[in-house]
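**Student:** This is the structure I have questions about; it appears just below.
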Amino acid sequence: MDKEIDWQSLGFSYMDTNSHICYTWKNGCWDSGELQEDPYLNIHIAATALHYGQAAFEGLKAFTCKDGKVKIFRVEENARRMERTAKRILMPAIPEEMFMNAVRRIVRENLEYVPPYGSGGSLYIRPLLFGSGPRIGVQPAGEYTFIIFVLPVSDYYKGGIEPVSAVVIDGFDRSAPNGVGQVKVAGNYAAGLEPGKIAQEMGYPINLYLDAKENRFIDEFGTSNFIAITKCGTYITPESNSILKSITNKSLMTLAKESGMKIEERPIQFDEIQDLVEVGACGTAVVITPVNRIERGDRIIEVGPKTGFGPVLGHLYEKVRAVQFGELPDNHGWLTDV
Ligand SMILES: Cc1ncc(COP(=O)(O)O)c(C=O)c1O
């Protein structure tokens, strides 16, 4: 590392680290991977990823725990989700063991970039799998590249927790019911760029997607799942075949169930929002962002407290963070040593 990193002011932006790891799949098998310092790739002009979007990515984190050890949060879940994505767009699977070893190896190579315990930061891990072999007809590639790079990120809430407002941008869908919304295909995020920009220009940091068929049910936010607490204290989250199953959401549901809460994964109508007492957007980047205002057309729905978290989501947020930093016992085996 050339210079000292200010762990508090990192934000979420690309930075070079010691190396990334790169594997190639050819003739039916993966090679054993190589560490690379150069962040540039030499890629064929007819690679299927570039033309036909045969590409997928993942996002997960490693934390320096209270005992000083670096641990990775729920890496097997990301391995399985990448396998589901690969299958859906005809890319070769990455065996779970290979995925886990690759993640461990690249984190070990970049240990000095893992923010220290107490800074609130973490090492963001970005696996990327794409068709790198040439094809000019629309077909799967004959060669694939699997890369993992890492970058340190700071505590999102270092300035305090402020709820955000979300907006539904009518006229834009993220994914179709039988499309690829339930897997982490790169093109899903291209589809979200324009509505995301419109939302930003309107002053909304996040946008909420409704189901593409009827525009009546809640799907998810641009890059996070919708979670909410009802008046009866039930944890609800949409059941839909066009949303990405969030690993954070799965973890929150486990912890909520453990504290005796009722969980419902079911279709949630947009009109139900007005009766909810807490709403959050959940994902790896922030764990939970409280949402206290949702706008659609000329309708504005206020929900939850004006500042900070509501009590239930606040409690669940603290619990996940405490497990990630090794401050609470890892009862479910969510942490993997590097
Ligand atoms: C569309 C979408 N939904 C939800 C999530 C949250 O998923 P996770 O908790 O696994 O990060 C993400 C982030 O990966 C996402 O891109």
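For the structure tokens, the naming scheme is as follows: chains receive sequential letters (A, B, ...) according to their order of presentation, residues are indexed from 1 within each chain, and ligands are indexed from 1 in presentation order.
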Could you give me, as JSON lines, every chain A residue with an atom at most 6 Å from ligand 1, plus its closest atom pair and distance in Å to one decimal, counting only C-alpha atoms and all ligand atoms, rows ordered by chain then number?
**Tutor:**
```
{"residue": "A:Gly59", "atom": "CA", "partner": "ligand 1", "partner_atom_place_in_ligand_line": "14 (O)", "distance": 5.9}
{"residue": "A:Gly222", "atom": "CA", "partner": "ligand 1", "partner_atom_place_in_ligand_line": "1 (C)", "distance": 5.5}
{"residue": "A:Thr223", "atom": "CA", "partner": "ligand 1", "partner_atom_place_in_ligand_line": "15 (C)", "distance": 3.7}
{"residue": "A:Ser224", "atom": "CA", "partner": "ligand 1", "partner_atom_place_in_ligand_line": "4 (C)", "distance": 3.5}
{"residue": "A:Asn225", "atom": "CA", "partner": "ligand 1", "partner_atom_place_in_ligand_line": "4 (C)", "distance": 4.6}
{"residue": "A:Leu244", "atom": "CA", "partner": "ligand 1", "partner_atom_place_in_ligand_line": "3 (N)", "distance": 4.7}
{"residue": "A:Ser246", "atom": "CA", "partner": "ligand 1", "partner_atom_place_in_ligand_line": "7 (O)", "distance": 3.4}
{"residue": "A:Ile247", "atom": "CA", "partner": "ligand 1", "partner_atom_place_in_ligand_line": "10 (O)", "distance": 3.7}
{"residue": "A:Thr248", "atom": "CA", "partner": "ligand 1", "partner_atom_place_in_ligand_line": "9 (O)", "distance": 3.7}
{"residue": "A:Asn249", "atom": "CA", "partner": "ligand 1", "partner_atom_place_in_ligand_line": "9 (O)", "distance": 5.8}
{"residue": "A:Gly283", "atom": "CA", "partner": "ligand 1", "partner_atom_place_in_ligand_line": "9 (O)", "distance": 3.4}
{"residue": "A:Thr284", "atom": "CA", "partner": "ligand 1", "partner_atom_place_in_ligand_line": "11 (O)", "distance": 3.7}
```
**Student:** Please save C-alpha atoms of the selected residues as a short mmCIF file (atom, residue, chain, number, x, y, z; two decimals), in the first residue's frame.
**Tutor:**
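Result file is out06.cif:
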```cif
data_model
loop_
_atom_site.label_atom_id
_atom_site.label_comp_id
_atom_site.auth_asym_id
_atom_site.auth_seq_id
_atom_site.Cartn_x
_atom_site.Cartn_y
_atom_site.Cartn_z
CA GLY A 59 -21.28 -8.31 -3.91
CA GLY A 222 -33.18 -0.43 -7.43
CA THR A 223 -30.41 -2.31 -5.62
CA SER A 224 -32.05 -3.47 -2.39
CA ASN A 225 -35.04 -5.47 -1.16
CA LEU A 244 -33.30 -10.60 -6.44
CA SER A 246 -31.22 -10.57 -0.90
CA ILE A 247 -28.82 -12.37 1.41
CA THR A 248 -29.16 -9.49 3.88
CA ASN A 249 -32.94 -9.95 3.86
CA GLY A 283 -28.71 -5.06 1.01
CA THR A 284 -25.02 -5.78 1.50
#
```
**Student:** So that I can check the surroundings of segment 142-154 of chain A, please list as a PDB file with C-alpha atoms, in the first residue's frame every protein, DNA and RNA residue that reaches within 8 Å of it, counting only C-alpha atoms and ignoring chain neighbours fewer than 2 positions away.
**Tutor:**
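Written output follows (selection_24.pdb):
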```
ATOM      1  CA  TRP A   7     -10.858   4.705   6.641  1.00  0.00           C
ATOM      2  CA  GLN A   8     -13.565   7.271   7.425  1.00  0.00           C
ATOM      3  CA  SER A   9     -13.638   9.056   4.084  1.00  0.00           C
ATOM      4  CA  LEU A  10     -13.638   6.153   1.639  1.00  0.00           C
ATOM      5  CA  GLY A  11     -17.265   6.151   0.546  1.00  0.00           C
ATOM      6  CA  PHE A  12     -18.056   3.525  -2.084  1.00  0.00           C
ATOM      7  CA  SER A  13     -15.749   4.052  -5.021  1.00  0.00           C
ATOM      8  CA  TYR A  14     -13.220   2.056  -6.981  1.00  0.00           C
ATOM      9  CA  MET A  15      -9.617   2.040  -5.843  1.00  0.00           C
ATOM     10  CA  ASP A  16      -6.665  -0.063  -6.917  1.00  0.00           C
ATOM     11  CA  THR A  17      -5.516  -2.633  -4.382  1.00  0.00           C
ATOM     12  CA  SER A  19      -4.268  -7.422  -6.993  1.00  0.00           C
ATOM     13  CA  HIS A  20      -7.383  -9.097  -8.320  1.00  0.00           C
ATOM     14  CA  ILE A  21      -7.744 -12.767  -9.158  1.00  0.00           C
ATOM     15  CA  CYS A  22      -8.627 -14.023 -12.618  1.00  0.00           C
ATOM     16  CA  TYR A  23      -9.711 -17.508 -13.726  1.00  0.00           C
ATOM     17  CA  THR A  24     -10.416 -18.731 -17.258  1.00  0.00           C
ATOM     18  CA  TRP A  25     -12.831 -21.472 -18.322  1.00  0.00           C
ATOM     19  CA  LYS A  26     -11.857 -23.212 -21.560  1.00  0.00           C
ATOM     20  CA  ASN A  27     -12.502 -26.692 -22.982  1.00  0.00           C
ATOM     21  CA  MET A  91     -22.537 -19.763 -18.241  1.00  0.00           C
ATOM     22  CA  PRO A  92     -20.509 -22.536 -16.594  1.00  0.00           C
ATOM     23  CA  ALA A 102     -11.050 -17.617  -4.622  1.00  0.00           C
ATOM     24  CA  VAL A 103     -12.723 -15.151  -2.242  1.00  0.00           C
ATOM     25  CA  ILE A 106      -8.044 -12.493  -2.783  1.00  0.00           C
ATOM     26  CA  VAL A 107      -8.956 -11.195   0.673  1.00  0.00           C
ATOM     27  CA  ASN A 110      -5.312  -7.622   0.266  1.00  0.00           C
ATOM     28  CA  TYR A 113      -7.042  -2.987   2.721  1.00  0.00           C
ATOM     29  CA  VAL A 114      -9.528  -4.441   5.206  1.00  0.00           C
ATOM     30  CA  PRO A 115     -10.615  -1.509   7.398  1.00  0.00           C
ATOM     31  CA  SER A 119     -13.717   2.100  11.909  1.00  0.00           C
ATOM     32  CA  GLY A 120     -17.116   0.704  10.889  1.00  0.00           C
ATOM     33  CA  GLY A 121     -15.709  -0.023   7.418  1.00  0.00           C
ATOM     34  CA  SER A 122     -15.373  -3.295   5.536  1.00  0.00           C
ATOM     35  CA  LEU A 123     -13.756  -4.829   2.483  1.00  0.00           C
ATOM     36  CA  TYR A 124     -16.232  -4.995  -0.389  1.00  0.00           C
ATOM     37  CA  ILE A 125     -15.716  -8.073  -2.563  1.00  0.00           C
ATOM     38  CA  ARG A 126     -16.874  -8.028  -6.186  1.00  0.00           C
ATOM     39  CA  PRO A 127     -16.937 -11.353  -8.092  1.00  0.00           C
ATOM     40  CA  LEU A 128     -17.620 -11.012 -11.820  1.00  0.00           C
ATOM     41  CA  LEU A 129     -18.308 -13.812 -14.322  1.00  0.00           C
ATOM     42  CA  PHE A 130     -18.691 -13.214 -18.045  1.00  0.00           C
ATOM     43  CA  GLY A 131     -18.518 -14.717 -21.505  1.00  0.00           C
ATOM     44  CA  SER A 132     -15.115 -13.689 -22.827  1.00  0.00           C
ATOM     45  CA  GLY A 133     -14.972 -15.940 -25.876  1.00  0.00           C
ATOM     46  CA  PRO A 134     -16.011 -14.619 -29.312  1.00  0.00           C
ATOM     47  CA  PRO A 140     -23.309 -18.707 -25.290  1.00  0.00           C
ATOM     48  CA  TYR A 156     -22.205   4.219   5.351  1.00  0.00           C
ATOM     49  CA  LYS A 158     -20.658   7.546   9.789  1.00  0.00           C
TER      50      LYS A 158
END
```
**Student:** Counting only C-alpha atoms, which of A:Ile89, A:Ile227, A:Ile288, A:Ala176 gets nearest to Pro267 of chain A?
**Tutor:**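 Among A:Ile89, A:Ile227, A:Ile288, A:Ala176, it is A:Ile227 that comes nearest to Pro267 of chain A.
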**Student:** List the spatial neighbours of Ser259 of chain A as a compact mmCIF listing (two decimals) with C-alpha atoms, in the first residue's frame - criterion: any atom at most 12 Å away, only C-alpha atoms, same-chain residues fewer than 3 positions off excluded.
**Tutor:**
```
# COMPACT_ATOMS: atom_id res chain seq x y z
CA GLY A 233 -45.19 -6.19 14.43
CA THR A 234 -44.92 -8.67 11.53
CA TYR A 235 -41.85 -8.51 9.30
CA LEU A 252 -32.64 -10.30 8.86
CA MET A 253 -35.53 -12.76 8.60
CA THR A 254 -33.54 -15.38 10.51
CA LEU A 255 -32.74 -12.90 13.28
CA ALA A 256 -36.31 -11.58 13.35
CA LYS A 262 -43.73 -13.32 12.64
CA ILE A 263 -42.38 -13.25 9.07
CA VAL A 312 -37.71 -2.95 15.09
CA HIS A 315 -32.74 -3.48 16.47
CA LEU A 316 -32.30 -5.86 13.53
CA LYS A 319 -27.86 -7.23 15.45
```
**Student:** Using DSSP on the backbone coordinates, identify all residues within segment 9-145 of chain A classified as alpha helix (DSSP H); present the result as a PyMOL selection string.
**Tutor:** chain A and resi 48-52+75-88+96-109
**Student:** I'd like to know which of A:Trp30, A:Phe73, A:Phe270, A:Tyr317 is closest to Glu214 of chain A, using only C-alpha atoms.
**Tutor:**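 Selected residue with least distance to Glu214 of chain A: A:Phe270.
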**Student:** Please provide the set of residues having any atom within 7 Å of segment 306-308 of chain A, restricted to only C-alpha atoms, with same-chain residues fewer than 6 positions apart removed, written as a list in words.
**Tutor:** Ile161, Glu162, Pro163 and Asn292 of chain A
**Student:** When DSSP is applied to the backbone of this structure, which of segment 31-149 of chain A are assigned strand (DSSP E)? Write them out as a VMD selection string.
**Tutor:** chain A and resid 34 to 36 55 to 57 60 to 64 70 to 73 122 to 131 144 to 149
**Student:** Go ahead and dump the residues you just picked, C-alpha atoms, as a JSON list (two decimals), in the first residue's frame.
**Tutor:**
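result36.json was written with the following content:
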```
[["chain", "number", "residue", "atom", "x", "y", "z"],
["A", 34, "GLU", "CA", -3.86, -16.07, -11.28],
["A", 35, "LEU", "CA", -3.32, -12.95, -9.26],
["A", 36, "GLN", "CA", -3.07, -9.85, -11.45],
["A", 55, "ALA", "CA", -22.33, -11.36, -17.55],
["A", 56, "ALA", "CA", -23.12, -11.59, -13.86],
["A", 57, "PHE", "CA", -21.69, -10.18, -10.67],
["A", 60, "LEU", "CA", -20.25, -9.37, -0.41],
["A", 61, "LYS", "CA", -18.07, -8.14, 2.42],
["A", 62, "ALA", "CA", -15.23, -9.07, 4.76],
["A", 63, "PHE", "CA", -14.94, -7.49, 8.19],
["A", 64, "THR", "CA", -12.22, -7.13, 10.78],
["A", 70, "VAL", "CA", -10.83, -10.99, 9.21],
["A", 71, "LYS", "CA", -14.04, -12.85, 8.34],
["A", 72, "ILE", "CA", -16.27, -13.02, 5.28],
["A", 73, "PHE", "CA", -20.05, -12.76, 5.69],
["A", 122, "SER", "CA", -15.37, -3.30, 5.54],
["A", 123, "LEU", "CA", -13.76, -4.83, 2.48],
["A", 124, "TYR", "CA", -16.23, -5.00, -0.39],
["A", 125, "ILE", "CA", -15.72, -8.07, -2.56],
["A", 126, "ARG", "CA", -16.87, -8.03, -6.19],
["A", 127, "PRO", "CA", -16.94, -11.35, -8.09],
["A", 128, "LEU", "CA", -17.62, -11.01, -11.82],
["A", 129, "LEU", "CA", -18.31, -13.81, -14.32],
["A", 130, "PHE", "CA", -18.69, -13.21, -18.05],
["A", 131, "GLY", "CA", -18.52, -14.72, -21.50],
["A", 144, "TYR", "CA", -15.47, -17.51, -19.70],
["A", 145, "THR", "CA", -13.61, -15.25, -17.30],
["A", 146, "PHE", "CA", -14.16, -15.15, -13.55],
["A", 147, "ILE", "CA", -12.62, -12.24, -11.68],
["A", 148, "ILE", "CA", -12.75, -11.12, -8.09],
["A", 149, "PHE", "CA", -11.54, -7.72, -6.99]]
```
**Student:** Under the rule that only C-alpha atoms are counted, which of A:Asp298, A:Asp211, A:Asp38, A:Asp67 is the nearest residue to Asn178 of chain A?
**Tutor:**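 Of the candidates, the smallest distance to Asn178 of chain A is held by A:Asp211.
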**Student:** Between A:Gly28, A:Ala86, A:Gly304, A:Ile5, which one has atoms that come closest to Ala186 of chain A, using only C-alpha atoms?
**Tutor:**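 Nearest to Ala186 of chain A: A:Ala86.
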